[in-house]
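Here is the file final-v5.pdb (PDB, C-alpha atoms and all ligand atoms).
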MODEL        1
ATOM      1  CA  MET S  21       0.000   0.000   0.000
ATOM      2  CA  SER S  22       1.221   3.512  -0.668
ATOM      3  CA  ALA S  23       2.797   5.265   2.287
ATOM      4  CA  SER S  24      -0.079   7.724   2.462
ATOM      5  CA  ARG S  25      -2.684   5.088   3.413
ATOM      6  CA  MET S  26      -2.598   2.875   6.466
ATOM      7  CA  ILE S  27      -6.331   2.183   6.453
ATOM      8  CA  ALA S  28      -8.661   2.397   3.457
ATOM      9  CA  ILE S  29     -12.427   2.180   3.942
ATOM     10  CA  LYS S  30     -14.073   1.786   0.546
ATOM     11  CA  ASP S  31     -17.823   2.220   0.150
ATOM     12  CA  VAL S  32     -18.521   0.155   3.263
ATOM     13  CA  THR S  33     -22.076  -0.811   4.154
ATOM     14  CA  LYS S  34     -23.004  -2.909   7.174
ATOM     15  CA  ILE S  35     -26.503  -4.262   7.584
ATOM     16  CA  PHE S  36     -27.205  -6.361  10.659
ATOM     17  CA  HIS S  37     -29.737  -9.213  10.353
ATOM     18  CA  PRO S  38     -30.445  -8.492   6.662
ATOM     19  CA  GLY S  39     -33.826  -9.554   5.336
ATOM     20  CA  THR S  40     -35.350 -10.017   8.793
ATOM     21  CA  PRO S  41     -37.654  -7.749  10.817
ATOM     22  CA  ALA S  42     -34.600  -6.935  12.979
ATOM     23  CA  GLN S  43     -32.700  -5.559   9.976
ATOM     24  CA  SER S  44     -30.577  -2.559  10.901
ATOM     25  CA  ARG S  45     -28.370  -0.525   8.580
ATOM     26  CA  ALA S  46     -25.397   0.553  10.696
ATOM     27  CA  LEU S  47     -23.154   1.910   7.918
ATOM     28  CA  ASN S  48     -24.206   3.228   4.566
ATOM     29  CA  GLY S  49     -21.504   3.587   1.879
ATOM     30  CA  VAL S  50     -18.699   4.993   4.031
ATOM     31  CA  THR S  51     -15.404   5.864   2.305
ATOM     32  CA  PHE S  52     -12.252   7.384   3.801
ATOM     33  CA  ASP S  53      -8.521   6.781   4.232
ATOM     34  CA  VAL S  54      -6.335   7.050   7.301
ATOM     35  CA  ALA S  55      -2.665   7.955   6.857
ATOM     36  CA  PRO S  56       0.135   6.309   8.833
ATOM     37  CA  ASN S  57       0.624   8.053  12.197
ATOM     38  CA  GLU S  58      -2.647   9.949  11.831
ATOM     39  CA  LEU S  59      -4.855  10.589  14.866
ATOM     40  CA  LEU S  60      -8.460  10.484  13.688
ATOM     41  CA  ILE S  61     -11.403  11.316  15.922
ATOM     42  CA  LEU S  62     -14.633   9.574  14.963
ATOM     43  CA  LYS S  63     -17.655  11.359  16.359
ATOM     44  CA  GLY S  64     -21.407  11.263  15.983
ATOM     45  CA  PRO S  65     -24.494  10.545  18.054
ATOM     46  CA  SER S  66     -25.304   7.243  19.698
ATOM     47  CA  GLY S  67     -26.164   4.646  17.053
ATOM     48  CA  SER S  68     -24.395   6.495  14.218
ATOM     49  CA  GLY S  69     -22.072   3.546  13.468
ATOM     50  CA  LYS S  70     -18.784   4.398  15.233
ATOM     51  CA  SER S  71     -18.322   1.083  17.042
ATOM     52  CA  THR S  72     -19.389  -0.860  13.959
ATOM     53  CA  LEU S  73     -16.703   0.907  11.937
ATOM     54  CA  LEU S  74     -13.994   0.114  14.515
ATOM     55  CA  SER S  75     -15.105  -3.542  14.596
ATOM     56  CA  LEU S  76     -14.825  -3.738  10.808
ATOM     57  CA  ILE S  77     -11.313  -2.250  10.867
ATOM     58  CA  ALA S  78     -10.350  -4.819  13.533
ATOM     59  CA  ALA S  79     -11.896  -7.602  11.383
ATOM     60  CA  LEU S  80     -14.140  -8.535  14.297
ATOM     61  CA  MET S  81     -16.945  -8.602  11.723
ATOM     62  CA  LYS S  82     -17.282  -8.377   7.952
ATOM     63  CA  PRO S  83     -18.993  -5.618   5.957
ATOM     64  CA  THR S  84     -22.149  -6.428   3.999
ATOM     65  CA  SER S  85     -20.502  -4.748   1.013
ATOM     66  CA  GLY S  86     -17.415  -2.675   0.349
ATOM     67  CA  GLU S  87     -13.822  -3.215   1.425
ATOM     68  CA  VAL S  88     -11.561  -2.556   4.380
ATOM     69  CA  VAL S  89      -7.853  -2.599   3.501
ATOM     70  CA  VAL S  90      -5.294  -2.253   6.293
ATOM     71  CA  ASP S  91      -1.593  -1.936   5.558
ATOM     72  CA  GLY S  92      -2.125  -3.614   2.206
ATOM     73  CA  THR S  93      -4.271  -6.505   3.470
ATOM     74  CA  ARG S  94      -7.927  -6.737   2.495
ATOM     75  CA  VAL S  95      -9.104  -7.575   6.021
ATOM     76  CA  SER S  96     -12.786  -7.553   5.021
ATOM     77  CA  LYS S  97     -12.149 -10.861   3.200
ATOM     78  CA  LEU S  98      -9.917 -12.620   5.749
ATOM     79  CA  PRO S  99     -10.982 -16.071   6.997
ATOM     80  CA  GLU S 100     -11.251 -16.095  10.797
ATOM     81  CA  GLU S 101      -7.938 -17.862  11.530
ATOM     82  CA  PHE S 102      -6.088 -15.163   9.562
ATOM     83  CA  ALA S 103      -8.242 -12.420  11.052
ATOM     84  CA  ALA S 104      -7.174 -13.486  14.560
ATOM     85  CA  LEU S 105      -3.518 -13.333  13.545
ATOM     86  CA  TYR S 106      -4.068  -9.953  11.875
ATOM     87  CA  ARG S 107      -5.671  -8.566  15.057
ATOM     88  CA  ARG S 108      -2.833  -9.821  17.206
ATOM     89  CA  ARG S 109      -0.130  -8.362  14.978
ATOM     90  CA  THR S 110      -1.716  -5.143  13.785
ATOM     91  CA  ILE S 111      -4.493  -3.915  16.068
ATOM     92  CA  GLY S 112      -4.623  -2.742  19.667
ATOM     93  CA  PHE S 113      -8.259  -2.336  20.751
ATOM     94  CA  VAL S 114      -9.341  -0.460  23.874
ATOM     95  CA  PHE S 115     -12.970  -1.485  24.362
ATOM     96  CA  GLN S 116     -15.419   0.896  25.942
ATOM     97  CA  LYS S 117     -16.053  -1.456  28.841
ATOM     98  CA  PHE S 118     -12.401  -2.573  28.810
ATOM     99  CA  ASN S 119     -13.360  -6.306  28.451
ATOM    100  CA  LEU S 120     -10.770  -7.379  31.018
ATOM    101  CA  ILE S 121     -10.933 -10.919  32.425
ATOM    102  CA  PRO S 122     -12.015 -10.311  36.047
ATOM    103  CA  THR S 123     -10.633 -13.589  37.427
ATOM    104  CA  LEU S 124      -7.118 -12.876  36.162
ATOM    105  CA  SER S 125      -4.607 -10.496  37.708
ATOM    106  CA  ALA S 126      -3.748  -7.227  35.991
ATOM    107  CA  VAL S 127      -0.460  -8.548  34.610
ATOM    108  CA  GLU S 128      -2.110 -11.762  33.386
ATOM    109  CA  ASN S 129      -4.669  -9.654  31.511
ATOM    110  CA  VAL S 130      -1.898  -7.685  29.847
ATOM    111  CA  MET S 131      -0.101 -10.931  28.947
ATOM    112  CA  THR S 132      -3.097 -12.540  27.200
ATOM    113  CA  PRO S 133      -2.347 -11.201  23.677
ATOM    114  CA  LEU S 134       1.180 -12.621  24.002
ATOM    115  CA  PHE S 135       0.157 -16.185  24.921
ATOM    116  CA  PRO S 136       0.020 -17.438  21.306
ATOM    117  CA  GLU S 137       3.628 -16.319  20.752
ATOM    118  CA  LYS S 138       6.136 -19.035  21.580
ATOM    119  CA  ILE S 139       8.008 -17.100  24.252
ATOM    120  CA  PRO S 140       8.865 -18.357  27.779
ATOM    121  CA  GLU S 141       6.313 -17.165  30.355
ATOM    122  CA  ALA S 142       8.878 -15.193  32.406
ATOM    123  CA  GLU S 143       9.743 -13.233  29.299
ATOM    124  CA  LEU S 144       6.042 -12.571  28.570
ATOM    125  CA  GLU S 145       5.566 -11.298  32.097
ATOM    126  CA  ALA S 146       8.599  -9.008  31.875
ATOM    127  CA  LYS S 147       7.278  -7.589  28.625
ATOM    128  CA  ALA S 148       3.801  -7.038  30.099
ATOM    129  CA  LEU S 149       5.250  -5.348  33.191
ATOM    130  CA  GLY S 150       7.345  -3.048  31.016
ATOM    131  CA  VAL S 151       4.234  -1.725  29.264
ATOM    132  CA  MET S 152       2.357  -1.504  32.590
ATOM    133  CA  GLU S 153       5.185   0.633  33.953
ATOM    134  CA  GLU S 154       4.826   3.038  31.020
ATOM    135  CA  PHE S 155       1.181   3.531  31.968
ATOM    136  CA  SER S 156       1.768   3.774  35.725
ATOM    137  CA  ILE S 157      -0.112   0.598  36.591
ATOM    138  CA  ALA S 158       2.688  -1.919  37.290
ATOM    139  CA  HIS S 159       2.155  -1.519  41.054
ATOM    140  CA  LYS S 160      -1.232  -3.246  40.605
ATOM    141  CA  ARG S 161       0.276  -6.220  38.761
ATOM    142  CA  ASN S 162      -1.141  -8.857  41.141
ATOM    143  CA  ALA S 163      -4.572  -7.317  41.761
ATOM    144  CA  LYS S 164      -7.617  -9.021  40.228
ATOM    145  CA  THR S 165      -8.963  -6.534  37.717
ATOM    146  CA  SER S 166     -12.437  -6.735  39.285
ATOM    147  CA  ASN S 167     -10.887  -5.015  42.323
ATOM    148  CA  LEU S 168      -9.417  -2.113  40.356
ATOM    149  CA  SER S 169     -10.925   1.356  39.950
ATOM    150  CA  GLY S 170     -12.214   2.497  36.541
ATOM    151  CA  GLY S 171      -9.069   4.469  35.785
ATOM    152  CA  GLU S 172      -6.845   1.570  36.852
ATOM    153  CA  GLN S 173      -8.802  -0.855  34.667
ATOM    154  CA  GLN S 174      -8.470   1.546  31.795
ATOM    155  CA  ARG S 175      -4.682   1.664  32.151
ATOM    156  CA  VAL S 176      -4.598  -2.164  32.211
ATOM    157  CA  ALA S 177      -6.752  -2.174  29.056
ATOM    158  CA  ILE S 178      -4.373   0.268  27.328
ATOM    159  CA  ALA S 179      -1.339  -1.806  28.353
ATOM    160  CA  ARG S 180      -3.035  -4.939  26.992
ATOM    161  CA  ALA S 181      -3.850  -3.171  23.722
ATOM    162  CA  LEU S 182      -0.241  -2.052  23.268
ATOM    163  CA  VAL S 183       1.749  -5.011  24.610
ATOM    164  CA  ASN S 184       2.182  -6.451  21.103
ATOM    165  CA  ASP S 185       3.388  -3.072  19.859
ATOM    166  CA  PRO S 186       0.684  -2.943  17.159
ATOM    167  CA  PRO S 187       0.962  -0.194  14.539
ATOM    168  CA  ILE S 188      -2.731   0.710  14.957
ATOM    169  CA  LEU S 189      -4.657   1.626  18.114
ATOM    170  CA  LEU S 190      -8.474   1.700  18.053
ATOM    171  CA  ALA S 191     -10.134   3.182  21.144
ATOM    172  CA  ASP S 192     -13.922   3.049  21.567
ATOM    173  CA  GLU S 193     -15.306   5.717  23.931
ATOM    174  CA  PRO S 194     -12.140   5.373  26.006
ATOM    175  CA  THR S 195     -13.030   8.145  28.468
ATOM    176  CA  ALA S 196     -16.703   7.235  28.973
ATOM    177  CA  ASN S 197     -16.000   5.843  32.456
ATOM    178  CA  LEU S 198     -13.332   8.317  33.516
ATOM    179  CA  ASP S 199     -13.388  11.535  35.510
ATOM    180  CA  ALA S 200     -11.901  14.747  34.105
ATOM    181  CA  ALA S 201      -8.407  14.173  35.528
ATOM    182  CA  LEU S 202      -8.170  10.617  34.211
ATOM    183  CA  SER S 203      -9.560  11.704  30.850
ATOM    184  CA  ARG S 204      -6.799  14.299  30.565
ATOM    185  CA  GLN S 205      -4.259  11.657  31.542
ATOM    186  CA  PHE S 206      -5.629   9.439  28.770
ATOM    187  CA  LEU S 207      -5.155  12.305  26.280
ATOM    188  CA  GLY S 208      -1.530  12.458  27.414
ATOM    189  CA  PHE S 209      -1.183   8.733  26.669
ATOM    190  CA  ILE S 210      -2.668   9.229  23.213
ATOM    191  CA  GLU S 211      -0.302  12.097  22.464
ATOM    192  CA  ARG S 212       2.648   9.971  23.550
ATOM    193  CA  ILE S 213       1.553   6.962  21.487
ATOM    194  CA  LYS S 214       1.135   9.211  18.477
ATOM    195  CA  GLY S 215       4.667  10.475  19.093
ATOM    196  CA  GLU S 216       5.809   6.846  18.891
ATOM    197  CA  GLY S 217       4.406   6.605  15.364
ATOM    198  CA  LYS S 218       1.138   4.728  15.910
ATOM    199  CA  THR S 219      -1.945   5.266  13.781
ATOM    200  CA  ILE S 220      -4.872   5.976  16.103
ATOM    201  CA  ILE S 221      -8.644   6.152  15.768
ATOM    202  CA  VAL S 222     -10.704   7.268  18.757
ATOM    203  CA  ALA S 223     -14.498   6.931  18.621
ATOM    204  CA  THR S 224     -15.959   9.345  21.131
ATOM    205  CA  HIS S 225     -18.685  11.770  22.164
ATOM    206  CA  ASP S 226     -16.291  13.439  24.594
ATOM    207  CA  PRO S 227     -15.767  17.127  23.671
ATOM    208  CA  LEU S 228     -12.298  16.901  25.263
ATOM    209  CA  PHE S 229     -11.176  15.273  22.000
ATOM    210  CA  PHE S 230     -12.655  17.879  19.675
ATOM    211  CA  ASP S 231     -10.018  20.553  20.140
ATOM    212  CA  LEU S 232      -6.707  18.725  20.421
ATOM    213  CA  SER S 233      -3.565  20.319  19.005
ATOM    214  CA  PHE S 234      -2.193  16.873  18.050
ATOM    215  CA  CYS S 235      -5.384  15.606  16.372
ATOM    216  CA  ASP S 236      -5.121  15.453  12.573
ATOM    217  CA  ARG S 237      -8.737  15.037  11.546
ATOM    218  CA  GLN S 238     -12.303  14.561  12.744
ATOM    219  CA  ILE S 239     -14.969  12.592  10.922
ATOM    220  CA  GLU S 240     -18.588  12.825  11.994
ATOM    221  CA  LEU S 241     -21.102  10.046  11.332
ATOM    222  CA  HIS S 242     -24.881  10.318  11.347
ATOM    223  CA  ASP S 243     -27.079   7.305  10.652
ATOM    224  CA  GLY S 244     -24.176   5.384   9.145
ATOM    225  CA  SER S 245     -22.985   8.112   6.767
ATOM    226  CA  ILE S 246     -20.191  10.670   6.965
ATOM    227  CA  VAL S 247     -21.800  14.098   7.373
ATOM    228  CA  ALA S 248     -18.749  16.204   8.175
ATOM    229  CA  GLU S 249     -15.001  15.976   7.881
ATOM    230  CA  GLU S 250     -12.556  18.527   9.244
ATOM    231  CA  PRO S 251     -10.100  20.018   8.684
TER     232      PRO S 251
HETATM  233  N1  LIG S 301     -24.878  -6.700  16.712
HETATM  234  C1  LIG S 301     -25.823  -5.877  16.261
HETATM  235  N2  LIG S 301     -27.017  -6.335  15.859
HETATM  236  C2  LIG S 301     -27.978  -5.510  15.378
HETATM  237  N3  LIG S 301     -27.829  -4.176  15.268
HETATM  238  C3  LIG S 301     -26.668  -3.657  15.669
HETATM  239  C4  LIG S 301     -25.606  -4.459  16.191
HETATM  240  N4  LIG S 301     -24.559  -3.651  16.492
HETATM  241  C5  LIG S 301     -24.964  -2.407  16.196
HETATM  242  N5  LIG S 301     -26.225  -2.403  15.698
HETATM  243  C6  LIG S 301     -26.971  -1.217  15.237
HETATM  244  O1  LIG S 301     -26.165  -0.489  14.343
HETATM  245  C7  LIG S 301     -26.273   0.908  14.571
HETATM  246  C8  LIG S 301     -24.906   1.490  14.840
HETATM  247  O2  LIG S 301     -24.444   0.993  16.080
HETATM  248  P1  LIG S 301     -23.017   1.357  16.674
HETATM  249  O3  LIG S 301     -22.854   0.554  17.908
HETATM  250  O4  LIG S 301     -21.992   1.211  15.625
HETATM  251  O5  LIG S 301     -23.214   2.920  17.011
HETATM  252  P2  LIG S 301     -22.267   3.911  17.833
HETATM  253  O6  LIG S 301     -22.082   5.127  16.994
HETATM  254  O7  LIG S 301     -21.062   3.181  18.277
HETATM  255  O8  LIG S 301     -23.186   4.290  19.076
HETATM  256  P3  LIG S 301     -22.750   4.668  20.606
HETATM  257  O9  LIG S 301     -22.273   6.082  20.552
HETATM  258  O10 LIG S 301     -24.034   4.519  21.366
HETATM  259  O11 LIG S 301     -21.691   3.694  21.042
HETATM  260  C9  LIG S 301     -27.275   1.080  15.705
HETATM  261  O12 LIG S 301     -28.521   1.344  15.150
HETATM  262  C10 LIG S 301     -27.260  -0.274  16.387
HETATM  263  O13 LIG S 301     -28.516  -0.563  16.943
HETATM  264 MG    MG S 302     -20.292   2.738  20.126
ENDMDL
END

Represent the structure contained in this file as structure tokens.
Ligand SMILES: Nc1ncnc2c1ncn2[C@@H]1O[C@H](COP(=O)(O)OP(=O)(O)OP(=O)(O)O)[C@@H](O)[C@H]1O
Ligand SMILES: [Mg+2]
Amino acid sequence: MSASRMIAIKDVTKIFHPGTPAQSRALNGVTFDVAPNELLILKGPSGSGKSTLLSLIAALMKPTSGEVVVDGTRVSKLPEEFAALYRRRTIGFVFQKFNLIPTLSAVENVMTPLFPEKIPEAELEAKALGVMEEFSIAHKRNAKTSNLSGGEQQRVAIARALVNDPPILLADEPTANLDAALSRQFLGFIERIKGEGKTIIVATHDPLFFDLSFCDRQIELHDGSIVAEEP
């Protein structure tokens, strides 16, 4: 793929439960590109299709029509075993509700994306702790994540998303559960990750993201279509 495109979304439509009474058109012919190292903010009201778009980029689901190409791979056509490998190598995903495994410790949660790699466990743990240190959460390494505060869980979720050093970070409403101070701290993390060269998409309603000096572009969705793009 040319250096100017890390992610290409080409005329993507997503219809859930097509041809049934539950049919729902989540995305309607969406087209845009994301450049390497770009920080893109995806905004729009509830139900406008933001999470669906992130899931398609992560190959967690397939579009009804159109194409998603990431770093030269047409991920919208990948069979599941390749999609799992693609996610592990290329995508860090911070889910809105963090999706941590409550019965595991913080460090075990961060290690989970590394398990399929054939690396000795001590080495995996050292790697996980290194990333946890970067996000000021290593001191909670042995705590069960169900016992952590929202902001602590969020830092574990970020560490887990980045432990594989993926080139792309997708964050879905990452500040929805955070207070103002933690939200600002999260913005600091995003700025730092951008400085490290990652390509980042944040789906959010949070106005904190709408006026960032280090944000490259904002795209606004309504009812599954792009209605505004700035700058
Ligand atoms: N698994 C699903 N099955 C059926 N419909 C779905 C499914 N996931 C999403 N939808 C529908 O697709 C539309 C877009 O949903 P999506 O979750 O992408 O919106 P969103 O912009 O992320 O909203 P929010 O800001 O509330 O998170 C909504 O109408 C939603 O009801
Ligand atoms: Mg959503």

Give the residues close to ligand MG 302 (chain S), within 9 Å, counting only C-alpha atoms and all ligand atoms; write them as a VMD selection string.
-> chain S and resid 66 to 72 74 116 192 to 193 223 to 224

Which residues fall under the PyMOL selection byres (((chain S and resi 142-144) around 10) and not hetatm) in this file, as a PyMOL selection string?
-> chain S and resi 127-128+130-135+137-141+145-150+183

Would you mind exporting the chosen residues as a JSON list (two decimals), in the coordinates of the input, restricted to C-alpha atoms?
[["chain", "number", "residue", "atom", "x", "y", "z"],
["S", 127, "VAL", "CA", -0.46, -8.55, 34.61],
["S", 128, "GLU", "CA", -2.11, -11.76, 33.39],
["S", 130, "VAL", "CA", -1.90, -7.68, 29.85],
["S", 131, "MET", "CA", -0.10, -10.93, 28.95],
["S", 132, "THR", "CA", -3.10, -12.54, 27.20],
["S", 133, "PRO", "CA", -2.35, -11.20, 23.68],
["S", 134, "LEU", "CA", 1.18, -12.62, 24.00],
["S", 135, "PHE", "CA", 0.16, -16.18, 24.92],
["S", 137, "GLU", "CA", 3.63, -16.32, 20.75],
["S", 138, "LYS", "CA", 6.14, -19.04, 21.58],
["S", 139, "ILE", "CA", 8.01, -17.10, 24.25],
["S", 140, "PRO", "CA", 8.86, -18.36, 27.78],
["S", 141, "GLU", "CA", 6.31, -17.16, 30.36],
["S", 145, "GLU", "CA", 5.57, -11.30, 32.10],
["S", 146, "ALA", "CA", 8.60, -9.01, 31.88],
["S", 147, "LYS", "CA", 7.28, -7.59, 28.62],
["S", 148, "ALA", "CA", 3.80, -7.04, 30.10],
["S", 149, "LEU", "CA", 5.25, -5.35, 33.19],
["S", 150, "GLY", "CA", 7.34, -3.05, 31.02],
["S", 183, "VAL", "CA", 1.75, -5.01, 24.61]]

Please, which residues have at least one atom within 12 Å of an atom of ligand LIG 301 (chain S), using all atoms listed in the file, listed as a short mmCIF file (atom, residue, chain, number, x, y, z; two decimals) with C-alpha atoms, in the frame of the given file?
data_model
loop_
_atom_site.label_atom_id
_atom_site.label_comp_id
_atom_site.auth_asym_id
_atom_site.auth_seq_id
_atom_site.Cartn_x
_atom_site.Cartn_y
_atom_site.Cartn_z
CA THR S 33 -22.08 -0.81 4.15
CA LYS S 34 -23.00 -2.91 7.17
CA ILE S 35 -26.50 -4.26 7.58
CA PHE S 36 -27.20 -6.36 10.66
CA HIS S 37 -29.74 -9.21 10.35
CA PRO S 38 -30.44 -8.49 6.66
CA THR S 40 -35.35 -10.02 8.79
CA PRO S 41 -37.65 -7.75 10.82
CA ALA S 42 -34.60 -6.94 12.98
CA GLN S 43 -32.70 -5.56 9.98
CA SER S 44 -30.58 -2.56 10.90
CA ARG S 45 -28.37 -0.52 8.58
CA ALA S 46 -25.40 0.55 10.70
CA LEU S 47 -23.15 1.91 7.92
CA ASN S 48 -24.21 3.23 4.57
CA LEU S 62 -14.63 9.57 14.96
CA LYS S 63 -17.66 11.36 16.36
CA GLY S 64 -21.41 11.26 15.98
CA PRO S 65 -24.49 10.54 18.05
CA SER S 66 -25.30 7.24 19.70
CA GLY S 67 -26.16 4.65 17.05
CA SER S 68 -24.40 6.50 14.22
CA GLY S 69 -22.07 3.55 13.47
CA LYS S 70 -18.78 4.40 15.23
CA SER S 71 -18.32 1.08 17.04
CA THR S 72 -19.39 -0.86 13.96
CA LEU S 73 -16.70 0.91 11.94
CA LEU S 74 -13.99 0.11 14.52
CA SER S 75 -15.10 -3.54 14.60
CA LEU S 76 -14.82 -3.74 10.81
CA LEU S 80 -14.14 -8.54 14.30
CA MET S 81 -16.94 -8.60 11.72
CA LYS S 82 -17.28 -8.38 7.95
CA PHE S 115 -12.97 -1.48 24.36
CA GLN S 116 -15.42 0.90 25.94
CA LYS S 117 -16.05 -1.46 28.84
CA ALA S 191 -10.13 3.18 21.14
CA ASP S 192 -13.92 3.05 21.57
CA GLU S 193 -15.31 5.72 23.93
CA PRO S 194 -12.14 5.37 26.01
CA ALA S 196 -16.70 7.24 28.97
CA VAL S 222 -10.70 7.27 18.76
CA ALA S 223 -14.50 6.93 18.62
CA THR S 224 -15.96 9.35 21.13
CA HIS S 225 -18.68 11.77 22.16
CA ASP S 226 -16.29 13.44 24.59
CA ILE S 239 -14.97 12.59 10.92
CA GLU S 240 -18.59 12.82 11.99
CA LEU S 241 -21.10 10.05 11.33
CA HIS S 242 -24.88 10.32 11.35
CA ASP S 243 -27.08 7.30 10.65
CA GLY S 244 -24.18 5.38 9.14
CA SER S 245 -22.98 8.11 6.77
CA ILE S 246 -20.19 10.67 6.96
#

Exactly which residues make up the result of the PyMOL selection byres (((chain S and resi 236) around 9) and not hetatm) on this file, given as a ChimeraX atom specification?
-> /S:58-61,232-235,237-238,250-251

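This file gives the following result for the PyMOL selection byres (((chain S and resi 153-157) around 8) and not hetatm): Leu149, Gly150, Val151, Met152, Ala158, His159, Lys160, Arg161, Glu172, Arg175, Val176, Ile178, Ala179 and Phe209 of chain S.
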
Find the residues near Glu100 (chain S): any atom within 9 Å, counting all atoms listed in the file, skip ones fewer than 4 places away on the same chain, and give them as a list in words.
-> Ala79, Leu80, Ala104 and Leu105 of chain S

With all atoms listed in the file as the atoms that count, which of S:Pro227, S:Pro122, S:Gly112, S:Gly208 lies nearest to Asp185 (chain S)?
-> S:Gly112

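The coordinates place CA of Gly49 (chain S) at 17.3 Å from CA of Lys97 (chain S).
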
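What separates CA of Ala55 (chain S) from CA of Thr195 (chain S) is a distance of 24.0 Å.
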